[in-house]
Amino acid sequence: MIRISSITNIKIFLLLVITNLKNINASCDNQCSGHGTCLVDDVCQCYDNWGIGLSHDSGDCSERICPYEIAFIDSPNVNGEFHRYAECAGRGICNRASGECECFSGYEGKGCQRTTCPNDCSGHGTCEFIEDLYYGATWNDYSKIGFHADPKTFDYHLWDVYKSRACVCDATYGDYDCSKRMCPYGTDVLDLRDNLLVSGKYQTQQLLFAARSVNNQGKTFALTFKSKLNESFTTQPIVFDPDD
């Protein structure tokens, strides 16, 4: 009987120890909501992307933290640094239940990281990042050497790279959102001539190409120009002929 009593006392002691351990582990708020680890100082160490409020204090780890992106607008710090990382890029509200940003009008993407284009370019253009936009001029304005097939672009490395966007309109469309049709250009049909026996004058441009090498003989090139209606026209292939 003594032996059975001793075994019973040991079981009761172990049960009390286990109960006390459970109480120790349950000392953190809400048991960290299942999204963190309770440390010895009774403070939750939350898992990644979990916390409480805008300050992201650990609390009971019951709220989600939304993605951080470079802020569009913020206040400089003591070192004069600005455009630091901010939750939802400072252009949206974090849904603490889902961990996703609810972006303000004009912004989209993960963490509201980029701007939208006005009216989605009205279906008459493409929405391009600022670093992909090209000059409203020709290559010849910047370099007179070589032939180029693509529009002249520029290197861009400021803070809003991959963030700011604008519309590039299709032919015959214009305005900031490509919503307006462009009217045709041409010679005024009511234009008067003093002598109707003299044919009308048309603008003629003469292009002179200086070959840097005789190796171009037999090769071809083409000329492309853009009209005032944003229309592009390309000639048929022209053969290099050094004798011309």
# chains A, B, ... in the order shown; residues from 1 in each chain; ligands from 1
>>> residues_around(residues="range 164-180 of chain A", least_positions_apart="2", cutoff="12 Å", atoms="only C-alpha atoms", output="NGL selection string")
:A and (70-72 or 106-108 or 112-136 or 156 or 158-162 or 182-185 or 226-233)
>>> closest_residue(among="A:Gln205, A:Glu69, A:Gly186, A:Arg181", to="Lys163 in chain A", atoms="only C-alpha atoms")
A:Glu69
>>> residues_around(residues="Ser33 in chain A", least_positions_apart="3", cutoff="7 Å", atoms="only C-alpha atoms", output="tab-separated table (two decimals) with N, CA, C and O atoms, in the first residue's frame")
chain	number	residue	atom	x	y	z
A	30	ASN	N	-2.29	36.82	-25.12
A	30	ASN	CA	-2.95	36.04	-26.18
A	30	ASN	C	-2.08	34.90	-26.69
A	30	ASN	O	-2.29	34.41	-27.80
A	60	ASP	N	0.61	41.47	-29.06
A	60	ASP	CA	0.26	40.06	-29.07
A	60	ASP	C	0.38	39.46	-30.48
A	60	ASP	O	-0.14	38.38	-30.74
A	61	CYS	N	1.08	40.17	-31.38
A	61	CYS	CA	1.35	39.66	-32.74
A	61	CYS	C	0.06	39.33	-33.49
A	61	CYS	O	0.03	38.38	-34.29
A	62	SER	N	-0.99	40.08	-33.26
A	62	SER	CA	-2.29	39.73	-33.85
A	62	SER	C	-2.56	40.45	-35.17
A	62	SER	O	-3.56	40.14	-35.83
>>> residues_around(residues="Leu223 in chain A", least_positions_apart="5", cutoff="9 Å", atoms="only C-alpha atoms", output="compact mmCIF listing (two decimals) with C-alpha atoms, in the first residue's frame")
# COMPACT_ATOMS: atom_id res chain seq x y z
CA ALA A 149 16.52 52.02 -85.16
CA PHE A 233 6.51 56.04 -91.67
CA THR A 234 9.47 53.94 -92.80
CA THR A 235 10.94 53.84 -96.30
CA GLN A 236 11.74 50.71 -98.23
CA PRO A 237 15.33 49.45 -97.80
CA ILE A 238 17.81 51.77 -99.51
